[in-house]
>>> print(open('protein25.cif').read())   # mmCIF, C-alpha atoms
data_target
#
loop_
_atom_site.label_atom_id
_atom_site.label_comp_id
_atom_site.auth_asym_id
_atom_site.auth_seq_id
_atom_site.Cartn_x
_atom_site.Cartn_y
_atom_site.Cartn_z
CA GLU A 8 70.42 14.04 8.81
CA ILE A 9 69.28 13.96 12.40
CA GLU A 10 70.87 12.00 15.20
CA ILE A 11 68.64 9.96 17.46
CA ARG A 12 69.26 7.44 20.21
CA THR A 13 67.72 4.03 20.46
CA ARG A 14 66.58 2.58 23.75
CA LEU A 15 68.61 -0.54 22.95
CA GLY A 16 72.05 0.39 24.25
CA MET A 17 71.37 4.11 23.61
CA GLU A 18 73.44 3.83 20.45
CA ARG A 19 73.65 6.75 18.07
CA ALA A 20 71.80 6.21 14.81
CA ARG A 21 71.10 8.37 11.80
CA VAL A 22 67.81 8.95 10.05
CA ALA A 23 67.54 11.02 6.89
CA ARG A 24 65.55 14.21 6.91
CA SER A 25 62.97 14.82 4.24
CA GLU A 26 63.54 17.25 1.40
CA SER A 27 61.67 19.89 3.42
CA GLY A 28 64.62 20.05 5.80
CA ARG A 29 62.71 19.11 8.93
CA ALA A 30 62.48 15.79 10.70
CA ALA A 31 59.24 13.97 10.21
CA ASP A 32 57.38 13.09 13.38
CA VAL A 33 53.88 12.47 12.11
CA ASP A 34 51.24 10.72 14.18
CA SER A 35 49.93 7.66 12.38
CA LEU A 36 46.34 8.88 12.27
CA GLU A 37 47.46 12.23 10.92
CA LEU A 38 49.49 10.40 8.29
CA TYR A 39 46.39 8.43 7.27
CA ASP A 40 44.43 11.67 6.90
CA ASP A 41 47.26 13.22 4.86
CA ILE A 42 47.33 10.18 2.57
CA MET A 43 43.58 10.23 2.04
CA ARG A 44 43.61 13.97 1.29
CA ALA A 45 46.33 13.33 -1.28
CA THR A 46 44.25 10.69 -3.05
CA GLU A 47 41.40 13.19 -3.49
CA SER A 48 43.50 15.53 -5.63
CA LEU A 49 44.44 14.04 -8.99
CA ARG A 50 45.54 16.98 -11.15
CA GLU A 51 49.00 18.16 -10.10
CA VAL A 52 52.01 16.96 -12.06
CA VAL A 53 55.35 16.89 -10.27
CA MET A 54 57.70 19.04 -12.32
CA GLY A 55 61.13 17.62 -13.16
CA SER A 56 60.10 14.10 -12.18
CA GLU A 57 58.84 11.04 -14.00
CA VAL A 58 56.24 10.60 -11.31
CA CYS A 59 52.83 11.68 -12.56
CA GLU A 60 50.81 12.79 -9.57
CA GLU A 61 47.57 11.39 -10.90
CA ARG A 62 49.02 7.91 -11.36
CA PHE A 63 50.85 8.06 -8.04
CA GLU A 64 47.76 9.01 -6.09
CA GLU A 65 45.72 6.27 -7.74
CA ASN A 66 48.44 3.78 -6.80
CA LEU A 67 48.39 5.12 -3.26
CA ARG A 68 44.63 4.70 -3.05
CA ARG A 69 44.93 1.09 -4.21
CA SER A 70 47.63 0.37 -1.63
CA VAL A 71 45.47 1.69 1.19
CA ARG A 72 42.57 -0.42 -0.01
CA PHE A 73 44.68 -3.59 -0.09
CA LEU A 74 45.83 -2.99 3.50
CA GLU A 75 42.31 -2.25 4.67
CA ASP A 76 41.16 -5.50 3.06
CA ALA A 77 43.97 -7.42 4.76
CA LEU A 78 43.07 -6.03 8.19
CA ARG A 79 39.41 -6.81 7.67
CA MET A 80 40.13 -10.41 6.58
CA TYR A 81 42.92 -11.36 9.01
CA GLY A 82 42.84 -8.85 11.86
CA PRO A 83 45.89 -7.01 13.22
CA GLN A 84 46.96 -9.83 15.54
CA LYS A 85 47.46 -12.18 12.58
CA ILE A 86 49.38 -9.76 10.37
CA ALA A 87 53.07 -8.84 10.44
CA ILE A 88 55.20 -6.65 8.24
CA ALA A 89 58.52 -7.82 6.87
CA PHE A 90 60.84 -4.97 7.84
CA ASN A 91 64.55 -4.77 7.06
CA GLY A 92 65.05 -1.01 6.96
CA GLY A 93 65.18 -0.84 3.15
CA LYS A 94 63.33 1.83 1.20
CA ASP A 95 60.46 -0.42 0.08
CA ALA A 96 60.07 -1.92 3.54
CA THR A 97 60.05 1.60 4.99
CA VAL A 98 57.17 2.55 2.71
CA ILE A 99 55.33 -0.52 4.00
CA LEU A 100 56.06 0.51 7.58
CA HIS A 101 54.55 3.98 7.13
CA LEU A 102 51.59 2.86 5.01
CA TYR A 103 50.67 0.05 7.36
CA ARG A 104 51.00 2.09 10.56
CA ALA A 105 48.66 4.71 9.09
CA VAL A 106 46.03 2.20 7.96
CA LEU A 107 46.37 0.16 11.18
CA ALA A 108 45.79 3.25 13.33
CA ARG A 109 42.67 4.07 11.36
CA PHE A 110 41.43 0.49 11.60
CA LEU A 111 41.91 0.36 15.36
CA THR A 112 40.20 3.71 15.80
CA GLU A 113 37.20 2.74 13.71
CA ASN A 114 36.86 -0.51 15.64
CA ASN A 115 37.30 1.17 19.04
CA ASP A 116 40.32 -1.04 19.63
CA LEU A 117 42.99 1.48 20.60
CA SER A 118 43.74 -0.54 23.75
CA VAL A 119 45.65 -3.11 21.68
CA THR A 120 47.68 -0.61 19.66
CA ALA A 121 50.90 -1.23 21.59
CA ASN A 122 51.01 -4.94 20.76
CA ALA A 123 49.13 -5.03 17.46
CA PHE A 124 51.93 -3.84 15.18
CA HIS A 125 53.91 -7.02 14.50
CA ALA A 126 57.15 -6.89 12.54
CA MET A 127 59.81 -9.43 11.65
CA TYR A 128 63.41 -8.42 10.96
CA LEU A 129 65.45 -11.22 9.40
CA THR A 130 68.94 -10.46 10.70
CA GLN A 131 72.18 -10.92 8.78
CA ASN A 132 75.73 -11.12 10.07
CA ASP A 133 76.97 -8.49 7.62
CA GLU A 134 74.19 -5.93 8.16
CA PHE A 135 75.23 -2.26 8.16
CA ASP A 136 75.12 -0.66 11.60
CA ASP A 137 73.06 2.25 10.24
CA VAL A 138 70.41 -0.15 8.97
CA ASP A 139 70.27 -2.12 12.21
CA GLN A 140 69.99 1.05 14.28
CA PHE A 141 67.34 2.52 11.98
CA VAL A 142 65.23 -0.62 12.37
CA GLN A 143 65.48 -0.34 16.16
CA TRP A 144 64.71 3.37 16.07
CA CYS A 145 61.53 2.64 14.10
CA ALA A 146 60.61 -0.14 16.54
CA ASP A 147 60.89 2.29 19.44
CA LYS A 148 59.17 5.23 17.79
CA TYR A 149 56.24 3.34 16.29
CA GLN A 150 55.86 0.76 19.07
CA LEU A 151 56.53 -2.23 16.87
CA ASP A 152 56.28 -5.72 18.29
CA LEU A 153 59.61 -6.39 16.57
CA THR A 154 61.22 -9.82 16.41
CA ARG A 155 64.82 -10.08 15.26
CA GLN A 156 64.81 -13.47 13.61
CA ALA A 157 68.02 -15.29 12.71
CA GLY A 158 68.38 -18.49 10.67
CA GLY A 159 68.16 -17.31 7.09
CA TYR A 160 65.06 -16.58 5.04
CA LEU A 161 63.31 -19.95 4.95
CA ASN A 162 64.29 -21.22 8.39
CA GLY A 163 63.89 -17.83 10.03
CA LEU A 164 60.48 -17.32 8.48
CA SER A 165 59.36 -20.81 9.51
CA LYS A 166 60.43 -20.23 13.13
CA TYR A 167 58.66 -16.88 13.26
CA LEU A 168 55.41 -18.29 11.93
CA GLN A 169 55.52 -21.20 14.37
CA THR A 170 55.97 -18.98 17.41
CA HIS A 171 53.79 -15.96 16.56
CA GLY A 172 50.67 -17.35 14.91
CA ILE A 173 50.92 -14.98 11.95
CA THR A 174 48.87 -15.85 8.86
CA ALA A 175 49.64 -12.86 6.60
CA PHE A 176 52.82 -10.90 5.85
CA VAL A 177 52.76 -7.40 4.42
CA MET A 178 55.74 -7.16 2.09
CA GLY A 179 57.45 -4.46 0.06
CA THR A 180 57.75 -6.43 -3.17
CA ARG A 181 57.27 -4.46 -6.39
CA ARG A 182 56.53 -5.76 -9.88
CA SER A 183 60.06 -4.92 -11.07
CA ASP A 184 61.67 -7.11 -8.38
CA PRO A 185 63.09 -10.46 -9.55
CA ASP A 186 60.23 -12.40 -7.96
CA GLY A 187 57.50 -9.81 -8.52
CA SER A 188 56.29 -10.40 -12.06
CA ASP A 189 54.00 -13.32 -11.23
CA LEU A 190 52.58 -11.99 -7.97
CA PHE A 191 49.21 -10.47 -7.11
CA PRO A 192 48.27 -8.11 -4.27
CA PHE A 193 47.25 -11.22 -2.30
CA THR A 194 49.41 -14.23 -3.14
CA PRO A 195 49.73 -17.45 -1.09
CA SER A 196 53.24 -18.50 -0.11
CA SER A 197 55.19 -20.77 -2.45
CA PRO A 198 54.74 -24.55 -2.10
CA ASN A 199 58.14 -25.04 -0.44
CA TYR A 200 57.35 -22.46 2.25
CA PRO A 201 55.10 -22.57 5.31
CA SER A 202 51.52 -21.55 4.61
CA PHE A 203 50.80 -17.83 4.84
CA MET A 204 49.36 -15.04 2.69
CA ARG A 205 51.70 -12.56 1.06
CA VAL A 206 50.11 -9.10 1.01
CA ASN A 207 51.82 -6.92 -1.59
CA PRO A 208 50.26 -3.45 -1.37
CA ILE A 209 52.94 -1.65 -3.43
CA LEU A 210 53.32 -4.30 -6.10
CA HIS A 211 52.17 -1.79 -8.72
CA TRP A 212 54.54 1.01 -7.60
CA ARG A 213 57.57 2.19 -9.55
CA TYR A 214 60.94 3.16 -8.13
CA GLY A 215 60.05 6.84 -8.34
CA ASP A 216 56.82 6.29 -6.43
CA VAL A 217 58.77 4.99 -3.44
CA TRP A 218 60.84 8.16 -3.08
CA HIS A 219 57.95 10.43 -3.96
CA PHE A 220 55.92 8.92 -1.12
CA LEU A 221 58.69 9.20 1.48
CA ARG A 222 59.54 12.77 0.54
CA ARG A 223 56.07 14.06 -0.14
CA PHE A 224 54.89 13.02 3.33
CA ARG A 225 58.28 13.90 4.91
CA LEU A 226 58.82 10.46 6.40
CA PRO A 227 62.03 9.08 7.97
CA TYR A 228 64.15 6.60 6.05
CA CYS A 229 67.61 5.15 6.56
CA ALA A 230 70.37 7.73 6.05
CA LEU A 231 72.49 5.29 4.04
CA TYR A 232 70.38 6.16 1.01
CA ASP A 233 71.74 9.71 1.11
CA GLN A 234 75.39 8.67 1.10
#
>>> encode(input="protein25.cif", output="structure tokens")
Amino acid sequence: EIEIRTRLGMERARVARSESGRAADVDSLELYDDIMRATESLREVVMGSEVCEERFEENLRRSVRFLEDALRMYGPQKIAIAFNGGKDATVILHLYRAVLARFLTENNDLSVTANAFHAMYLTQNDEFDDVDQFVQWCADKYQLDLTRQAGGYLNGLSKYLQTHGITAFVMGTRRSDPDGSDLFPFTPSSPNYPSFMRVNPILHWRYGDVWHFLRRFRLPYCALYDQ
């Protein structure tokens, strides 16, 4: 583990190191390049793991394509990620920041980088301190336009949409989740919810893919997972 300090109250927080033993501090554009290089090599099999490299890298390529499509259709100012510090949401954070950085660079729009990375954190009264501090650490490090939204899922989501003009949410839902079996990579919100598009770029990922991604690219995740 490494200890970091957040700007909010300068509280101590913990972030897990990768399996390589060093803290990950990868620029988003460099991460994008690393991801794209990985998708060009489809032969290696990870020994001692159920994750087949060929399948993983194809899944990774699809995820990048879904995010690129979302940015092209909605634009960065209309997209937010749902971020709660969990492992799946952390994958979304790293994938989206990489693809967003590439999108802004290709469109010569780096001037809006600081306020183009929208994120909503639905707060809970019983949240672990480590999770809360990890979310804030990520907000500081990756310059998230983070909103801590109270009020529960439906009410909190409704308030966020009303005040931020977001039309698409990038979410960490996977097919094996309770509500994931009937979803598609682009799925409109349910009838009893406000209107927005759910973007599910890792819908096709397995549990092992999540950890393989975080560890292969040596990316920070909440230290609670190592306890």
>>> resolve_selection(input="protein25.cif", expression="the PyMOL selection byres ((chain A and resi 131) around 10)", output="NGL selection string")
:A and (91 or 128-130 or 132-135 or 139 or 155-160)
>>> closest_residue(input="protein25.cif", among="A:Phe220, A:Gly92, A:Ser183, A:Phe63", to="Asp137 (chain A)", atoms="only C-alpha atoms")
A:Gly92
>>> residues_around(input="protein25.cif", residues="region 163-171 of chain A", least_positions_apart="5", cutoff="12 Å", atoms="only C-alpha atoms", output="number ranges by chain")
A: 84-89, 123, 125-131, 152-158, 176, 196, 199-204
>>> write_last_selection(input="protein25.cif", atoms="C-alpha atoms", output="JSON list (two decimals), in the coordinates of the input")
[["chain", "number", "residue", "atom", "x", "y", "z"],
["A", 84, "GLN", "CA", 46.96, -9.83, 15.54],
["A", 85, "LYS", "CA", 47.46, -12.18, 12.58],
["A", 86, "ILE", "CA", 49.38, -9.76, 10.37],
["A", 87, "ALA", "CA", 53.07, -8.84, 10.44],
["A", 88, "ILE", "CA", 55.20, -6.65, 8.24],
["A", 89, "ALA", "CA", 58.52, -7.82, 6.87],
["A", 123, "ALA", "CA", 49.13, -5.03, 17.46],
["A", 125, "HIS", "CA", 53.91, -7.02, 14.50],
["A", 126, "ALA", "CA", 57.15, -6.89, 12.54],
["A", 127, "MET", "CA", 59.81, -9.43, 11.65],
["A", 128, "TYR", "CA", 63.41, -8.42, 10.96],
["A", 129, "LEU", "CA", 65.45, -11.22, 9.40],
["A", 130, "THR", "CA", 68.94, -10.46, 10.70],
["A", 131, "GLN", "CA", 72.18, -10.92, 8.78],
["A", 152, "ASP", "CA", 56.28, -5.72, 18.29],
["A", 153, "LEU", "CA", 59.61, -6.39, 16.57],
["A", 154, "THR", "CA", 61.22, -9.82, 16.41],
["A", 155, "ARG", "CA", 64.82, -10.08, 15.26],
["A", 156, "GLN", "CA", 64.81, -13.47, 13.61],
["A", 157, "ALA", "CA", 68.02, -15.29, 12.71],
["A", 158, "GLY", "CA", 68.38, -18.49, 10.67],
["A", 176, "PHE", "CA", 52.82, -10.90, 5.85],
["A", 196, "SER", "CA", 53.24, -18.50, -0.11],
["A", 199, "ASN", "CA", 58.14, -25.04, -0.44],
["A", 200, "TYR", "CA", 57.35, -22.46, 2.25],
["A", 201, "PRO", "CA", 55.10, -22.57, 5.31],
["A", 202, "SER", "CA", 51.52, -21.55, 4.61],
["A", 203, "PHE", "CA", 50.80, -17.83, 4.84],
["A", 204, "MET", "CA", 49.36, -15.04, 2.69]]
>>> atom_distance(input="protein25.cif", atom1="CA of Asp34 (chain A)", atom2="CA of Thr97 (chain A)")
15.7 Å
>>> closest_residue(input="protein25.cif", among="A:Asn115, A:Leu100, A:Glu47, A:Thr174", to="Gly82 (chain A)", atoms="all atoms listed in the file")
A:Thr174
>>> atom_distance(input="protein25.cif", atom1="CA of Glu65 (chain A)", atom2="CA of Pro227 (chain A)")
22.8 Å
>>> closest_residue(input="protein25.cif", among="A:Ile209, A:Leu190, A:Met178, A:Leu161", to="Arg68 (chain A)", atoms="all atoms listed in the file")
A:Ile209
>>> build_atoms(input="protein25.cif", residues="region 191-211 of chain A", atoms="N, CA and C atoms", output="PDB file, keeping the file's coordinate frame")
ATOM      1  N   PHE A 191      50.419 -11.272  -7.195  1.00  0.00           N
ATOM      2  CA  PHE A 191      49.210 -10.470  -7.110  1.00  0.00           C
ATOM      3  C   PHE A 191      49.217  -9.754  -5.765  1.00  0.00           C
ATOM      4  N   PRO A 192      48.316  -8.787  -5.571  1.00  0.00           N
ATOM      5  CA  PRO A 192      48.270  -8.110  -4.270  1.00  0.00           C
ATOM      6  C   PRO A 192      48.095  -9.079  -3.092  1.00  0.00           C
ATOM      7  N   PHE A 193      47.367 -10.150  -3.303  1.00  0.00           N
ATOM      8  CA  PHE A 193      47.250 -11.220  -2.300  1.00  0.00           C
ATOM      9  C   PHE A 193      47.692 -12.511  -2.975  1.00  0.00           C
ATOM     10  N   THR A 194      48.831 -13.038  -2.528  1.00  0.00           N
ATOM     11  CA  THR A 194      49.410 -14.230  -3.140  1.00  0.00           C
ATOM     12  C   THR A 194      49.814 -15.220  -2.054  1.00  0.00           C
ATOM     13  N   PRO A 195      49.298 -16.450  -2.080  1.00  0.00           N
ATOM     14  CA  PRO A 195      49.730 -17.450  -1.090  1.00  0.00           C
ATOM     15  C   PRO A 195      51.222 -17.728  -1.208  1.00  0.00           C
ATOM     16  N   SER A 196      51.813 -18.166  -0.110  1.00  0.00           N
ATOM     17  CA  SER A 196      53.240 -18.500  -0.110  1.00  0.00           C
ATOM     18  C   SER A 196      53.519 -19.636  -1.094  1.00  0.00           C
ATOM     19  N   SER A 197      54.781 -19.722  -1.504  1.00  0.00           N
ATOM     20  CA  SER A 197      55.190 -20.770  -2.450  1.00  0.00           C
ATOM     21  C   SER A 197      55.068 -22.149  -1.816  1.00  0.00           C
ATOM     22  N   PRO A 198      54.948 -23.192  -2.627  1.00  0.00           N
ATOM     23  CA  PRO A 198      54.740 -24.550  -2.100  1.00  0.00           C
ATOM     24  C   PRO A 198      55.816 -25.025  -1.144  1.00  0.00           C
ATOM     25  N   ASN A 199      57.049 -24.578  -1.310  1.00  0.00           N
ATOM     26  CA  ASN A 199      58.140 -25.040  -0.440  1.00  0.00           C
ATOM     27  C   ASN A 199      58.284 -24.210   0.827  1.00  0.00           C
ATOM     28  N   TYR A 200      57.332 -23.305   1.064  1.00  0.00           N
ATOM     29  CA  TYR A 200      57.350 -22.460   2.250  1.00  0.00           C
ATOM     30  C   TYR A 200      56.186 -22.796   3.164  1.00  0.00           C
ATOM     31  N   PRO A 201      56.270 -22.408   4.429  1.00  0.00           N
ATOM     32  CA  PRO A 201      55.100 -22.570   5.310  1.00  0.00           C
ATOM     33  C   PRO A 201      53.908 -21.796   4.735  1.00  0.00           C
ATOM     34  N   SER A 202      52.729 -22.164   5.149  1.00  0.00           N
ATOM     35  CA  SER A 202      51.520 -21.550   4.610  1.00  0.00           C
ATOM     36  C   SER A 202      51.267 -20.179   5.241  1.00  0.00           C
ATOM     37  N   PHE A 203      51.207 -19.159   4.411  1.00  0.00           N
ATOM     38  CA  PHE A 203      50.800 -17.830   4.840  1.00  0.00           C
ATOM     39  C   PHE A 203      50.422 -17.030   3.597  1.00  0.00           C
ATOM     40  N   MET A 204      49.746 -15.911   3.801  1.00  0.00           N
ATOM     41  CA  MET A 204      49.360 -15.040   2.690  1.00  0.00           C
ATOM     42  C   MET A 204      50.352 -13.903   2.564  1.00  0.00           C
ATOM     43  N   ARG A 205      50.848 -13.706   1.345  1.00  0.00           N
ATOM     44  CA  ARG A 205      51.700 -12.560   1.060  1.00  0.00           C
ATOM     45  C   ARG A 205      50.817 -11.392   0.619  1.00  0.00           C
ATOM     46  N   VAL A 206      50.852 -10.304   1.374  1.00  0.00           N
ATOM     47  CA  VAL A 206      50.110  -9.100   1.010  1.00  0.00           C
ATOM     48  C   VAL A 206      51.109  -8.125   0.408  1.00  0.00           C
ATOM     49  N   ASN A 207      50.871  -7.743  -0.841  1.00  0.00           N
ATOM     50  CA  ASN A 207      51.820  -6.920  -1.590  1.00  0.00           C
ATOM     51  C   ASN A 207      51.169  -5.593  -1.990  1.00  0.00           C
ATOM     52  N   PRO A 208      51.033  -4.661  -1.070  1.00  0.00           N
ATOM     53  CA  PRO A 208      50.260  -3.450  -1.370  1.00  0.00           C
ATOM     54  C   PRO A 208      50.947  -2.468  -2.308  1.00  0.00           C
ATOM     55  N   ILE A 209      52.274  -2.570  -2.503  1.00  0.00           N
ATOM     56  CA  ILE A 209      52.940  -1.650  -3.430  1.00  0.00           C
ATOM     57  C   ILE A 209      53.478  -2.387  -4.642  1.00  0.00           C
ATOM     58  N   LEU A 210      52.887  -3.493  -4.956  1.00  0.00           N
ATOM     59  CA  LEU A 210      53.320  -4.300  -6.100  1.00  0.00           C
ATOM     60  C   LEU A 210      53.320  -3.476  -7.385  1.00  0.00           C
ATOM     61  N   HIS A 211      52.374  -2.576  -7.512  1.00  0.00           N
ATOM     62  CA  HIS A 211      52.170  -1.790  -8.720  1.00  0.00           C
ATOM     63  C   HIS A 211      52.971  -0.482  -8.725  1.00  0.00           C
TER      64      HIS A 211
END
